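Asker: Provided herewith: my_file18.txt, compact mmCIF, C-alpha atoms.
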```txt
# COMPACT_ATOMS: atom_id res chain seq x y z
CA MET A 286 119.75 39.38 231.03
CA LEU A 287 123.02 41.03 230.04
CA ILE A 288 122.52 44.13 227.88
CA GLU A 289 125.56 45.54 226.10
CA PHE A 290 125.56 48.82 224.23
CA THR A 291 127.40 52.10 223.80
CA LEU A 292 126.20 54.73 226.26
CA ASN A 293 127.41 58.29 225.86
CA HIS A 294 130.37 57.11 223.76
CA LYS A 295 131.47 54.41 226.24
CA PRO A 296 130.80 50.67 225.98
CA ILE A 297 128.65 49.38 228.81
CA ALA A 298 127.33 46.01 229.97
CA VAL A 299 124.49 45.87 232.48
CA GLU A 300 122.46 43.04 233.96
CA ALA A 301 118.73 43.90 233.92
CA PRO A 302 115.30 42.26 233.60
CA PRO A 303 114.14 41.81 229.97
CA ASP A 304 110.76 43.50 230.47
CA ILE A 305 111.81 46.98 231.57
CA THR A 306 112.07 50.03 229.35
CA LEU A 307 115.26 51.74 228.29
CA LEU A 308 114.05 54.67 230.42
CA ASP A 309 113.96 52.50 233.55
CA LEU A 310 117.32 50.96 232.67
CA LEU A 311 118.89 54.42 232.43
CA ARG A 312 117.30 55.82 235.56
CA ASP A 313 117.03 52.88 237.94
CA HIS A 314 119.90 50.62 236.88
CA LEU A 315 122.46 53.11 235.62
CA GLY A 316 121.64 56.12 237.81
CA LEU A 317 121.29 58.46 234.85
CA THR A 318 118.33 60.48 236.07
CA GLY A 319 118.73 63.33 233.55
CA THR A 320 116.31 61.47 231.30
CA LYS A 321 112.88 62.16 232.81
CA GLU A 322 109.73 60.10 233.05
CA GLY A 323 106.65 62.08 232.11
CA CYS A 324 103.74 60.24 230.54
CA SER A 325 105.39 56.83 229.94
CA VAL A 326 103.38 56.35 226.75
CA GLY A 327 105.24 58.40 224.15
CA GLU A 328 103.17 61.57 224.38
CA CYS A 329 105.46 64.04 226.17
CA GLY A 330 109.08 63.58 225.07
CA ALA A 331 110.55 64.04 228.57
CA CYS A 332 112.35 60.70 228.13
CA SER A 333 113.91 61.58 224.74
CA VAL A 334 117.29 60.04 223.99
CA ILE A 335 119.24 59.60 220.77
CA MET A 336 119.43 55.98 219.61
CA ASP A 337 121.70 55.27 216.64
CA GLY A 338 121.48 58.90 215.57
CA ARG A 339 117.70 59.21 215.81
CA LEU A 340 115.51 60.77 218.48
CA ILE A 341 113.39 58.19 220.30
CA ASN A 342 111.19 57.99 223.39
CA SER A 343 113.09 55.78 225.83
CA CYS A 344 109.78 54.85 227.50
CA LEU A 345 108.78 53.03 224.30
CA VAL A 346 112.00 51.05 223.85
CA LEU A 347 112.60 47.85 225.77
CA ALA A 348 115.94 47.88 227.57
CA PRO A 349 117.25 44.82 225.68
CA GLN A 350 116.35 46.52 222.38
CA ALA A 351 119.19 48.92 223.14
CA GLY A 352 121.62 46.01 222.87
CA GLY A 353 124.23 46.79 220.21
CA SER A 354 122.99 50.37 219.86
CA GLU A 355 124.61 53.69 220.43
CA ILE A 356 122.64 55.69 222.97
CA ILE A 357 123.18 59.34 223.83
CA THR A 358 121.40 60.75 226.87
CA VAL A 359 121.48 64.31 228.15
CA GLU A 360 124.42 63.27 230.36
CA GLY A 361 126.39 62.67 227.17
CA ILE A 362 125.77 66.22 225.94
CA HIS A 363 128.23 68.68 227.46
CA ALA A 364 131.27 70.84 226.72
CA PRO A 365 134.68 69.10 226.62
CA ASP A 366 135.35 70.27 230.19
CA GLY A 367 132.12 68.67 231.42
CA GLY A 368 130.23 71.98 231.77
CA PRO A 369 127.23 73.02 229.67
CA ASN A 370 127.76 73.02 225.91
CA ASP A 371 126.66 75.82 223.58
CA MET A 372 123.10 74.46 223.32
CA GLN A 373 122.76 74.31 227.08
CA GLU A 374 124.32 77.77 227.50
CA ASN A 375 121.84 79.12 224.97
CA PHE A 376 118.92 77.56 226.85
CA ILE A 377 120.08 79.60 229.86
CA THR A 378 120.81 82.79 227.88
CA TYR A 379 117.45 82.77 226.12
CA GLY A 380 115.43 82.01 229.24
CA ALA A 381 114.32 78.65 227.84
CA VAL A 382 114.34 76.90 231.22
CA GLN A 383 111.60 77.37 233.77
CA CYS A 384 110.50 74.36 235.83
CA GLY A 385 113.00 72.26 233.90
CA ILE A 386 111.45 68.82 233.63
CA CYS A 387 111.11 68.95 229.84
CA ILE A 388 114.53 70.51 229.32
CA PRO A 389 116.73 67.37 229.06
CA GLY A 390 114.33 66.08 226.40
CA MET A 391 114.31 69.45 224.65
CA VAL A 392 118.12 69.61 224.59
CA VAL A 393 118.32 66.04 223.28
CA ALA A 394 115.66 66.78 220.62
CA GLY A 395 117.56 69.92 219.64
CA GLU A 396 120.83 68.01 219.29
CA ALA A 397 119.07 65.23 217.33
CA LEU A 398 117.74 67.87 214.92
CA LEU A 399 121.17 69.47 214.41
CA LEU A 400 122.71 66.04 213.72
CA HIS A 401 120.54 65.74 210.61
CA ASN A 402 119.92 69.40 209.78
CA PRO A 403 122.66 71.77 210.92
CA ASN A 404 120.84 74.84 209.58
CA PRO A 405 117.14 74.44 210.39
CA SER A 406 114.44 77.06 209.84
CA ARG A 407 112.28 78.05 212.82
CA SER A 408 109.51 75.97 211.32
CA GLU A 409 111.82 72.94 211.13
CA ILE A 410 112.84 73.50 214.75
CA ARG A 411 109.17 73.55 215.78
CA THR A 412 108.54 70.32 213.86
CA ALA A 413 111.56 68.71 215.51
CA LEU A 414 110.15 69.61 218.94
CA ALA A 415 106.62 68.49 218.08
CA GLY A 416 106.84 65.48 220.40
CA ASN A 417 108.29 67.39 223.36
CA LEU A 418 105.79 69.08 225.65
CA CYS A 419 106.62 72.13 227.76
CA ARG A 420 103.93 73.64 229.96
CA CYS A 421 105.98 76.64 231.16
CA THR A 422 107.84 78.51 228.49
CA GLY A 423 105.45 78.70 225.56
CA TYR A 424 108.27 77.22 223.43
CA GLN A 425 109.46 80.50 221.89
CA GLN A 426 112.58 80.71 224.06
CA ILE A 427 113.39 77.05 223.38
CA VAL A 428 113.12 77.61 219.63
CA ASP A 429 115.27 80.76 220.05
CA ALA A 430 117.94 78.79 221.94
CA ILE A 431 118.14 76.03 219.33
CA GLU A 432 118.16 78.54 216.49
CA ALA A 433 121.01 80.47 218.14
CA THR A 434 122.95 77.24 218.66
CA ALA A 435 122.59 76.27 215.01
CA LYS A 436 123.71 79.75 213.89
CA GLY A 437 126.63 79.70 216.33
CA ARG A 438 127.81 76.32 215.09
CA GLN A 439 127.49 77.44 211.46
CA GLY A 440 129.63 80.47 212.28
CA ASN A 441 132.34 78.30 213.82
CA ARG A 442 132.72 75.98 210.83
CA MET B 96 109.83 37.84 237.98
CA PRO B 97 109.76 39.48 234.56
CA ARG B 98 106.35 39.66 232.89
CA PHE B 99 107.87 38.54 229.61
CA ASP B 100 111.13 37.47 228.07
CA TYR B 101 112.96 39.11 225.18
CA ILE B 102 114.66 37.60 222.18
CA ARG B 103 115.95 39.23 219.02
CA ALA B 104 115.49 37.85 215.52
CA GLN B 105 118.06 38.72 212.84
CA THR B 106 116.18 37.24 209.88
CA ILE B 107 112.58 36.55 208.90
CA GLU B 108 113.27 32.79 209.05
CA GLN B 109 114.59 33.13 212.59
CA ALA B 110 111.58 35.25 213.60
CA LEU B 111 109.20 32.60 212.23
CA GLN B 112 111.02 29.84 214.14
CA LEU B 113 110.74 31.88 217.34
CA LEU B 114 107.08 32.78 216.77
CA ALA B 115 106.23 29.10 216.18
CA ASP B 116 107.98 27.91 219.36
CA PRO B 117 105.19 26.10 221.29
CA ALA B 118 106.92 26.77 224.62
CA HIS B 119 106.03 30.46 224.41
CA VAL B 120 103.22 32.83 223.54
CA SER B 121 105.27 35.23 221.46
CA ARG B 122 104.52 38.75 220.30
CA PRO B 123 106.55 40.35 217.52
CA LEU B 124 107.97 43.72 218.57
CA ALA B 125 108.93 46.29 215.94
CA GLY B 126 108.80 49.99 216.87
CA GLY B 127 107.22 49.37 220.26
CA THR B 128 104.98 52.41 220.03
CA ASP B 129 101.84 50.29 220.39
CA VAL B 130 103.11 47.14 222.16
CA LEU B 131 104.87 49.01 224.98
CA VAL B 132 101.93 51.36 225.52
CA LEU B 133 99.73 48.27 225.79
CA THR B 134 101.99 46.60 228.38
CA ARG B 135 101.80 49.80 230.40
CA TYR B 136 98.02 49.53 230.71
CA GLU B 137 97.29 45.81 230.53
CA LYS B 138 98.76 42.53 231.67
CA PRO B 139 100.53 41.17 228.59
CA VAL B 140 98.86 38.21 226.92
CA PHE B 141 102.29 37.07 225.69
CA ASP B 142 105.24 35.75 227.65
CA ARG B 143 107.95 36.64 225.16
CA VAL B 144 108.59 39.43 222.70
CA VAL B 145 110.40 38.60 219.50
CA ASP B 146 112.26 41.76 218.48
CA ILE B 147 111.98 42.09 214.70
CA SER B 148 113.19 45.70 214.56
CA ARG B 149 116.68 44.67 213.33
CA VAL B 150 115.52 42.31 210.58
CA ALA B 151 117.17 43.89 207.53
CA GLU B 152 114.94 42.01 205.06
CA MET B 153 111.93 43.83 206.52
CA LYS B 154 113.44 47.27 205.88
CA VAL B 155 113.61 47.17 202.08
CA ILE B 156 111.90 49.68 199.80
CA GLU B 157 112.48 48.75 196.19
CA ARG B 158 110.86 48.82 192.78
CA GLN B 159 110.71 45.74 190.57
CA GLY B 160 108.95 46.40 187.29
CA ASP B 161 105.56 47.91 188.02
CA GLU B 162 105.54 46.95 191.66
CA ILE B 163 107.04 48.48 194.80
CA THR B 164 107.97 46.36 197.77
CA ILE B 165 107.79 48.07 201.15
CA GLY B 166 109.13 46.12 204.12
CA ALA B 167 106.82 45.88 207.12
CA GLY B 168 109.69 47.11 209.31
CA VAL B 169 110.01 50.42 207.46
CA THR B 170 109.50 53.25 209.96
CA PHE B 171 107.40 56.33 209.22
CA THR B 172 110.60 58.38 209.06
CA GLU B 173 112.20 55.95 206.62
CA ALA B 174 109.06 55.98 204.46
CA ALA B 175 108.87 59.77 204.49
CA GLU B 176 112.56 60.17 203.56
CA ASN B 177 112.53 57.58 200.77
CA PRO B 178 112.90 59.07 197.26
CA LEU B 179 111.05 56.19 195.57
CA LEU B 180 108.03 56.57 197.84
CA GLN B 181 108.22 60.36 197.47
CA ALA B 182 107.97 59.84 193.70
CA VAL B 183 105.15 57.30 193.51
CA ALA B 184 103.47 57.09 196.92
CA GLY B 185 102.97 60.71 197.90
CA CYS B 186 99.92 60.05 200.07
CA LEU B 187 101.89 57.52 202.12
CA VAL B 188 104.76 59.98 202.57
CA GLU B 189 102.38 62.75 203.64
CA ALA B 190 100.57 60.44 206.03
CA SER B 191 103.84 59.23 207.53
CA LEU B 192 104.76 62.83 208.34
CA THR B 193 101.51 63.35 210.26
CA VAL B 194 102.08 60.43 212.63
CA GLY B 195 102.93 61.40 216.23
CA GLY B 196 106.09 63.46 216.57
CA PRO B 197 109.64 62.79 215.29
CA ALA B 198 110.46 60.22 218.00
CA ILE B 199 107.31 58.21 217.26
CA ARG B 200 108.00 58.36 213.51
CA ASN B 201 111.55 57.13 214.13
CA ALA B 202 110.21 54.03 215.88
CA GLY B 203 106.75 53.17 214.56
CA THR B 204 106.54 51.01 211.44
CA LEU B 205 104.07 50.62 208.58
CA GLY B 206 103.76 46.93 209.45
CA GLY B 207 103.04 47.66 213.09
CA ASN B 208 100.50 50.32 212.15
CA THR B 209 98.70 47.73 209.99
CA ILE B 210 98.87 44.91 212.54
CA ASN B 211 97.62 47.17 215.34
CA ALA B 212 94.84 48.13 212.91
CA ALA B 213 93.52 51.07 214.89
CA ALA B 214 90.65 52.73 213.03
CA CYS B 215 92.65 55.97 213.28
CA ALA B 216 95.91 54.46 211.91
CA ASP B 217 97.38 57.06 209.55
CA GLY B 218 99.47 54.59 207.55
CA VAL B 219 96.51 52.47 206.56
CA PRO B 220 94.33 54.74 204.34
CA PRO B 221 97.30 55.47 202.02
CA LEU B 222 98.16 51.76 201.79
CA VAL B 223 94.56 50.96 200.87
CA CYS B 224 94.49 53.95 198.48
CA LEU B 225 97.57 52.52 196.75
CA ASP B 226 95.94 49.05 196.52
CA ALA B 227 98.66 47.64 198.80
CA VAL B 228 98.82 43.89 199.30
CA ALA B 229 99.95 42.49 202.67
CA HIS B 230 102.35 39.54 202.49
CA LEU B 231 102.33 37.12 205.38
CA ARG B 232 104.70 34.28 206.16
CA SER B 233 104.74 31.43 208.62
CA LEU B 234 106.73 28.20 208.84
CA ILE B 235 103.88 26.52 206.97
CA GLY B 236 103.90 28.87 204.01
CA ALA B 237 103.19 32.29 202.63
CA ARG B 238 99.98 34.06 201.65
CA SER B 239 99.01 37.51 200.56
CA LEU B 240 95.83 39.54 200.56
CA PRO B 241 94.86 43.18 200.10
CA VAL B 242 95.39 45.36 203.17
CA SER B 243 91.68 46.28 202.95
CA LYS B 244 90.82 42.58 203.43
CA PHE B 245 93.59 41.80 205.90
CA ILE B 246 92.25 44.43 208.31
CA GLN B 247 88.89 43.07 209.41
CA GLY B 248 87.77 45.77 211.80
CA ALA B 249 89.03 48.09 214.52
CA ASN B 250 92.15 46.45 216.01
CA ARG B 251 91.34 43.21 214.21
CA THR B 252 93.29 41.57 211.39
CA GLY B 253 93.39 38.18 209.72
CA LEU B 254 96.84 37.45 211.17
CA GLN B 255 97.07 33.85 212.28
CA SER B 256 99.17 32.37 215.05
CA GLY B 257 102.79 32.03 213.97
CA GLU B 258 102.34 34.41 211.03
CA LEU B 259 104.46 37.47 210.41
CA LEU B 260 103.56 40.41 208.17
CA THR B 261 106.80 40.69 206.20
CA HIS B 262 106.12 43.30 203.53
CA PHE B 263 103.63 45.10 201.33
CA THR B 264 103.56 45.32 197.57
CA VAL B 265 102.04 48.29 195.82
CA PRO B 266 101.35 48.50 192.08
CA VAL B 267 102.99 51.65 190.72
CA PRO B 268 100.13 54.10 189.96
CA PRO B 269 99.86 55.53 186.42
CA ALA B 270 102.61 58.07 185.64
CA GLY B 271 101.49 61.56 186.60
CA THR B 272 99.08 60.38 189.29
CA ARG B 273 98.68 62.99 192.01
CA GLN B 274 98.04 62.04 195.60
CA ALA B 275 97.02 63.66 198.84
CA PHE B 276 96.57 62.79 202.49
CA ILE B 277 94.72 65.12 204.85
CA LYS B 278 94.30 64.57 208.56
CA LEU B 279 91.99 66.18 211.09
CA GLY B 280 93.30 66.02 214.64
CA ARG B 281 93.04 68.17 217.72
CA ARG B 282 96.38 69.76 216.88
CA ASN B 283 99.19 69.27 214.41
CA ALA B 284 101.64 67.30 216.55
CA GLN B 285 101.19 64.02 218.42
CA ALA B 286 97.54 63.98 217.41
CA ILE B 287 95.32 60.96 216.90
CA SER B 288 93.29 61.27 213.71
CA ARG B 289 89.66 62.20 214.22
CA LEU B 290 89.22 61.76 210.49
CA SER B 291 91.62 61.45 207.59
CA MET B 292 91.47 61.08 203.83
CA ALA B 293 93.80 59.61 201.24
CA ALA B 294 93.18 60.30 197.57
CA ALA B 295 94.90 59.63 194.26
CA GLY B 296 93.86 60.71 190.79
CA HIS B 297 94.89 60.88 187.15
CA LEU B 298 93.39 62.60 184.12
CA ASP B 299 93.48 61.33 180.52
CA ALA B 300 94.66 63.47 177.58
CA ALA B 301 91.17 64.97 177.26
CA GLY B 302 91.19 66.03 180.93
CA ARG B 303 88.77 63.33 182.07
CA ILE B 304 89.33 61.32 185.21
CA ASP B 305 90.66 57.88 184.26
CA TYR B 306 92.05 56.80 187.65
CA VAL B 307 90.80 57.74 191.08
CA ARG B 308 91.08 56.34 194.60
CA LEU B 309 89.44 57.70 197.74
CA VAL B 310 89.97 56.16 201.18
CA PRO B 311 88.76 57.75 204.43
CA GLY B 312 90.52 56.97 207.71
CA ALA B 313 88.98 56.80 211.20
CA ALA B 314 85.55 56.93 209.56
CA MET B 315 84.54 53.29 209.30
CA PRO B 316 85.38 50.11 211.21
CA SER B 317 87.71 48.87 208.50
CA PRO B 318 89.53 50.85 205.83
CA ARG B 319 88.09 50.74 202.36
CA ARG B 320 87.95 52.59 199.09
CA ILE B 321 84.65 54.30 198.31
CA PRO B 322 83.73 52.61 195.01
CA GLU B 323 80.48 54.54 194.54
CA VAL B 324 82.34 57.87 194.63
CA GLU B 325 85.16 56.57 192.43
CA ALA B 326 82.59 55.32 189.87
CA PHE B 327 80.78 58.67 190.02
CA LEU B 328 84.04 60.51 189.19
CA LEU B 329 85.45 58.22 186.48
CA GLY B 330 85.12 59.69 182.98
CA GLN B 331 84.12 63.12 184.30
CA THR B 332 86.01 66.39 183.90
CA PRO B 333 86.78 67.62 187.42
CA ASP B 334 85.41 70.98 188.51
CA ASP B 335 84.26 72.53 191.79
CA ALA B 336 80.68 71.29 191.48
CA LEU B 337 81.75 67.73 190.69
CA LEU B 338 84.13 67.56 193.67
CA ALA B 339 81.53 69.07 196.00
CA ALA B 340 79.09 66.38 194.87
CA ALA B 341 81.79 63.74 195.41
CA GLY B 342 82.27 65.05 198.96
CA GLN B 343 78.53 64.76 199.59
CA LYS B 344 78.52 61.19 198.26
CA THR B 345 81.49 60.28 200.47
CA ALA B 346 79.55 61.40 203.55
CA GLU B 347 76.53 59.36 202.39
CA ALA B 348 78.74 56.31 201.88
CA MET B 349 80.15 56.62 205.41
CA ILE B 350 76.70 56.97 206.97
CA ALA B 351 75.46 53.97 205.00
CA VAL B 352 78.13 51.89 206.82
CA THR B 353 78.14 53.45 210.29
CA GLY B 354 74.56 54.65 210.62
CA ARG B 355 73.88 57.93 212.42
CA ARG B 356 75.63 58.15 215.78
CA TRP B 357 76.45 60.89 218.27
CA SER B 358 79.49 61.95 216.22
CA THR B 359 77.77 61.94 212.82
CA GLU B 360 76.65 65.55 213.03
CA TYR B 361 80.33 66.55 213.01
CA LYS B 362 81.73 63.79 210.84
CA GLU B 363 79.20 64.25 208.05
CA VAL B 364 80.31 67.79 207.23
CA ALA B 365 83.96 67.11 208.09
CA ILE B 366 84.32 64.07 205.84
CA GLN B 367 82.55 65.92 203.02
CA ALA B 368 85.08 68.75 203.22
CA LEU B 369 88.05 66.37 203.59
CA ALA B 370 87.03 64.34 200.54
CA GLU B 371 86.47 67.47 198.49
CA ARG B 372 89.85 68.95 199.50
CA ALA B 373 91.78 65.72 198.99
CA LEU B 374 90.18 65.18 195.56
CA ARG B 375 90.92 68.80 194.65
CA ARG B 376 94.62 68.19 195.27
CA ALA B 377 94.55 64.91 193.36
CA LEU B 378 92.45 66.03 190.40
CA LEU B 379 92.43 69.82 189.90
```
Could you render the structure as structure tokens?

Answerer:
Amino acid sequence: MLIEFTLNHKPIAVEAPPDITLLDLLRDHLGLTGTKEGCSVGECGACSVIMDGRLINSCLVLAPQAGGSEIITVEGIHAPDGGPNDMQENFITYGAVQCGICIPGMVVAGEALLLHNPNPSRSEIRTALAGNLCRCTGYQQIVDAIEATAKGRQGNR
Amino acid sequence: MPRFDYIRAQTIEQALQLLADPAHVSRPLAGGTDVLVLTRYEKPVFDRVVDISRVAEMKVIERQGDEITIGAGVTFTEAAENPLLQAVAGCLVEASLTVGGPAIRNAGTLGGNTINAAACADGVPPLVCLDAVAHLRSLIGARSLPVSKFIQGANRTGLQSGELLTHFTVPVPPAGTRQAFIKLGRRNAQAISRLSMAAAGHLDAAGRIDYVRLVPGAAMPSPRRIPEVEAFLLGQTPDDALLAAAGQKTAEAMIAVTGRRWSTEYKEVAIQALAERALRRALL
């Protein structure tokens, strides 16, 4: 079936089977492999994307459910010149990236938080990341990176 | 060959038409947090999903007189962020915030939680605690029954073919009622409840309990209030000893239903403490 939606700020129409997940649509039909498949049952957050302004697990959304929605994946998060944005730079600066598989989901979850709460406490950052598992970093550096991004953006307003 | 087809309903009427279509075995799809996990593990027993997640009529939260209507399509995030529910349904708001992580709360709905009817569903004890009534519609008509009756056992409800759970109604509790929801899981995030407890309470001018509700979650096959504990508390002045005794009676009530099993050694003391703590927040 034809699925039409807004993907990373651009309208898109894609022909795909009705029974696949948004995750599979992104990775296998649209070639956007930044969104990762971890558990496939909504436990790990590796497949996090922003759907109509809210963080969701793309493994638990059917592809056709995205029809008419606005979806932001990690590929849609970057600086105007296409390089890493401040959040992504801070992930590097604060040593928040080790093996990397959780990182697209972490960046997306961080951006989803700042959409709703531009000045979160560390506790609010932790809550926002509660559905994103990382087995390398111990989370501290990820929380540091998101906190620094929020502070940086506050400073620039 | 796709395992199932997809169609989106814009209104309740449209959803009912689609669900009644004899050419298909249809499954309503709201947040997808249960249905899609199921299709991952099992061959679907349906050949079409009817997407009800965009049905605006199922998203309402409004007060009319002494009754609150909560649409079945309200997500846990929407419930938790709603000022009306924050004011009069505190245990439901607290419970909503304990479900999964943010992404799960943004998708999962109170209606889906009820229809899935897992014994560990966190949305259900607060609904039963608030005396919520489930409203069902089909092309043939409408009916309503208490959530505690609608859920018949673990993963079992009275939903009939072609029926859709459209909304809940909740009588507004007495002004000044305090509520609590406490959950025991393996960790704070993304945890399935091992046990949970919803409580609500109100004291009269003399400081005696004149309204109390106590509903354990994940403790018994179907969610229910504990009338023997509520009766024990009514008319009493709450203090530590009374609430400790109420905790003890809650554990006895659970064991009377479930019998003693391998997990009882843990659950007996845990449910006692949960009941005592939840009642403390609602009554002291």

Asker: Counting only C-alpha atoms, which residues sit no farther than 6 Å from the position (108.8, 55.4, 218.3) in the file's frame? I'd like them as a list in words.

Answerer: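 Selection result: Ile341 of chain A; Gly126, Thr128, Ala198, Ile199, Arg200, Asn201, Ala202 and Gly203 of chain B.
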
Asker: Considering all atoms listed in the file, can you say which of A:Ile356, A:Gly395, A:Ala413, A:Ser406 comes closest to Lys295 of chain A?

Answerer: A:Ile356

Asker: Can you report as JSON the centre and edge lengths in Å, to one decimal, of an axis-aligned box around the listed atoms of segment 277-292 of chain B padded with 3 Å on each side?

Answerer:
```
{"center_x": 95.4, "center_y": 65.4, "center_z": 211.1, "size_x": 18.4, "size_y": 14.8, "size_z": 20.6}
```

Asker: Once you count only C-alpha atoms, what closest atom pair and distance in Å to one decimal does each residue of chain A within 7 Å of chain B have, with rows by chain and rising residue number, as JSON lines?

Answerer:
```
{"residue": "A:Pro302", "atom": "CA", "partner": "B:Pro97", "partner_atom": "CA", "distance": 6.3}
{"residue": "A:Pro303", "atom": "CA", "partner": "B:Asp100", "partner_atom": "CA", "distance": 5.6}
{"residue": "A:Asp304", "atom": "CA", "partner": "B:Phe99", "partner_atom": "CA", "distance": 5.8}
{"residue": "A:Val326", "atom": "CA", "partner": "B:Val132", "partner_atom": "CA", "distance": 5.3}
{"residue": "A:Glu328", "atom": "CA", "partner": "B:Gln285", "partner_atom": "CA", "distance": 6.7}
{"residue": "A:Arg339", "atom": "CA", "partner": "B:Asn201", "partner_atom": "CA", "distance": 6.7}
{"residue": "A:Leu340", "atom": "CA", "partner": "B:Ala198", "partner_atom": "CA", "distance": 5.1}
{"residue": "A:Ile341", "atom": "CA", "partner": "B:Ala198", "partner_atom": "CA", "distance": 4.2}
{"residue": "A:Asn342", "atom": "CA", "partner": "B:Ala198", "partner_atom": "CA", "distance": 5.9}
{"residue": "A:Leu345", "atom": "CA", "partner": "B:Leu131", "partner_atom": "CA", "distance": 5.6}
{"residue": "A:Val346", "atom": "CA", "partner": "B:Gly127", "partner_atom": "CA", "distance": 6.2}
{"residue": "A:Ala413", "atom": "CA", "partner": "B:Pro197", "partner_atom": "CA", "distance": 6.2}
{"residue": "A:Ala415", "atom": "CA", "partner": "B:Gly196", "partner_atom": "CA", "distance": 5.3}
{"residue": "A:Gly416", "atom": "CA", "partner": "B:Gly196", "partner_atom": "CA", "distance": 4.4}
```

Asker: For those residues, write C-alpha atoms to a file as a PDB file, keeping the file's coordinate frame.

Answerer:
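Final output, saved to selection-v3.pdb:
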```
ATOM      1  CA  PRO A 302     115.300  42.260 233.600  1.00  0.00           C
ATOM      2  CA  PRO A 303     114.140  41.810 229.970  1.00  0.00           C
ATOM      3  CA  ASP A 304     110.760  43.500 230.470  1.00  0.00           C
ATOM      4  CA  VAL A 326     103.380  56.350 226.750  1.00  0.00           C
ATOM      5  CA  GLU A 328     103.170  61.570 224.380  1.00  0.00           C
ATOM      6  CA  ARG A 339     117.700  59.210 215.810  1.00  0.00           C
ATOM      7  CA  LEU A 340     115.510  60.770 218.480  1.00  0.00           C
ATOM      8  CA  ILE A 341     113.390  58.190 220.300  1.00  0.00           C
ATOM      9  CA  ASN A 342     111.190  57.990 223.390  1.00  0.00           C
ATOM     10  CA  LEU A 345     108.780  53.030 224.300  1.00  0.00           C
ATOM     11  CA  VAL A 346     112.000  51.050 223.850  1.00  0.00           C
ATOM     12  CA  ALA A 413     111.560  68.710 215.510  1.00  0.00           C
ATOM     13  CA  ALA A 415     106.620  68.490 218.080  1.00  0.00           C
ATOM     14  CA  GLY A 416     106.840  65.480 220.400  1.00  0.00           C
TER      15      GLY A 416
END
```

Asker: So which residues touch segment 272-279 of chain B within 6 Å, counting all atoms listed in the file, skipping near sequence neighbours fewer than 4 positions away, as an MDAnalysis selection string?

Answerer: chainID B and resid 185:186 189:190 288:297 373 377

Asker: Using only C-alpha atoms, pick whichever of A:Ile357, A:Ala433, A:Leu414, A:Ile427 has the shortest atom-to-atom distance to Val382 of chain A.

Answerer: A:Ile427

Asker: Could you state the separation of atom CA of Pro316 of chain B and atom CA of Gly248 of chain B in Å, given to one decimal place?

Answerer: 5.0 Å

Asker: I'd like the contact shell of Arg312 of chain A - 10 Å cut-off, only C-alpha atoms, skipping same-chain residues fewer than 6 positions apart - returned as number ranges by chain.

Answerer: A: 306, 318-322

Asker: May I ask which of the residues B:Gly166, B:Pro221, B:Gly206, B:Pro139 is the closest one to Ser191 of chain B, counting only C-alpha atoms?

Answerer: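 The shortest atom-to-atom distance to Ser191 of chain B comes from B:Pro221.
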
Asker: Could you write segment 294-304 of chain A as a PDB file, in the frame of the given file, with N, CA and C atoms rebuilt where they are missing?

Answerer:
```pdb
ATOM      1  N   HIS A 294     129.068  57.360 224.378  1.00  0.00           N
ATOM      2  CA  HIS A 294     130.370  57.110 223.760  1.00  0.00           C
ATOM      3  C   HIS A 294     131.226  56.083 224.493  1.00  0.00           C
ATOM      4  N   LYS A 295     130.679  55.435 225.529  1.00  0.00           N
ATOM      5  CA  LYS A 295     131.470  54.410 226.240  1.00  0.00           C
ATOM      6  C   LYS A 295     130.732  53.081 226.205  1.00  0.00           C
ATOM      7  N   PRO A 296     131.458  51.981 225.946  1.00  0.00           N
ATOM      8  CA  PRO A 296     130.800  50.670 225.980  1.00  0.00           C
ATOM      9  C   PRO A 296     130.351  50.331 227.393  1.00  0.00           C
ATOM     10  N   ILE A 297     129.191  49.687 227.485  1.00  0.00           N
ATOM     11  CA  ILE A 297     128.650  49.380 228.810  1.00  0.00           C
ATOM     12  C   ILE A 297     127.977  48.015 228.761  1.00  0.00           C
ATOM     13  N   ALA A 298     128.039  47.281 229.851  1.00  0.00           N
ATOM     14  CA  ALA A 298     127.330  46.010 229.970  1.00  0.00           C
ATOM     15  C   ALA A 298     126.588  46.040 231.297  1.00  0.00           C
ATOM     16  N   VAL A 299     125.284  45.768 231.255  1.00  0.00           N
ATOM     17  CA  VAL A 299     124.490  45.870 232.480  1.00  0.00           C
ATOM     18  C   VAL A 299     123.516  44.699 232.547  1.00  0.00           C
ATOM     19  N   GLU A 300     123.389  44.143 233.733  1.00  0.00           N
ATOM     20  CA  GLU A 300     122.460  43.040 233.960  1.00  0.00           C
ATOM     21  C   GLU A 300     121.114  43.659 234.357  1.00  0.00           C
ATOM     22  N   ALA A 301     120.039  43.297 233.635  1.00  0.00           N
ATOM     23  CA  ALA A 301     118.730  43.900 233.920  1.00  0.00           C
ATOM     24  C   ALA A 301     117.627  42.954 233.473  1.00  0.00           C
ATOM     25  N   PRO A 302     116.420  43.092 234.045  1.00  0.00           N
ATOM     26  CA  PRO A 302     115.300  42.260 233.600  1.00  0.00           C
ATOM     27  C   PRO A 302     114.956  42.574 232.131  1.00  0.00           C
ATOM     28  N   PRO A 303     114.410  41.589 231.396  1.00  0.00           N
ATOM     29  CA  PRO A 303     114.140  41.810 229.970  1.00  0.00           C
ATOM     30  C   PRO A 303     112.893  42.654 229.709  1.00  0.00           C
ATOM     31  N   ASP A 304     112.056  42.866 230.730  1.00  0.00           N
ATOM     32  CA  ASP A 304     110.760  43.500 230.470  1.00  0.00           C
ATOM     33  C   ASP A 304     110.697  44.953 230.906  1.00  0.00           C
TER      34      ASP A 304
END
```
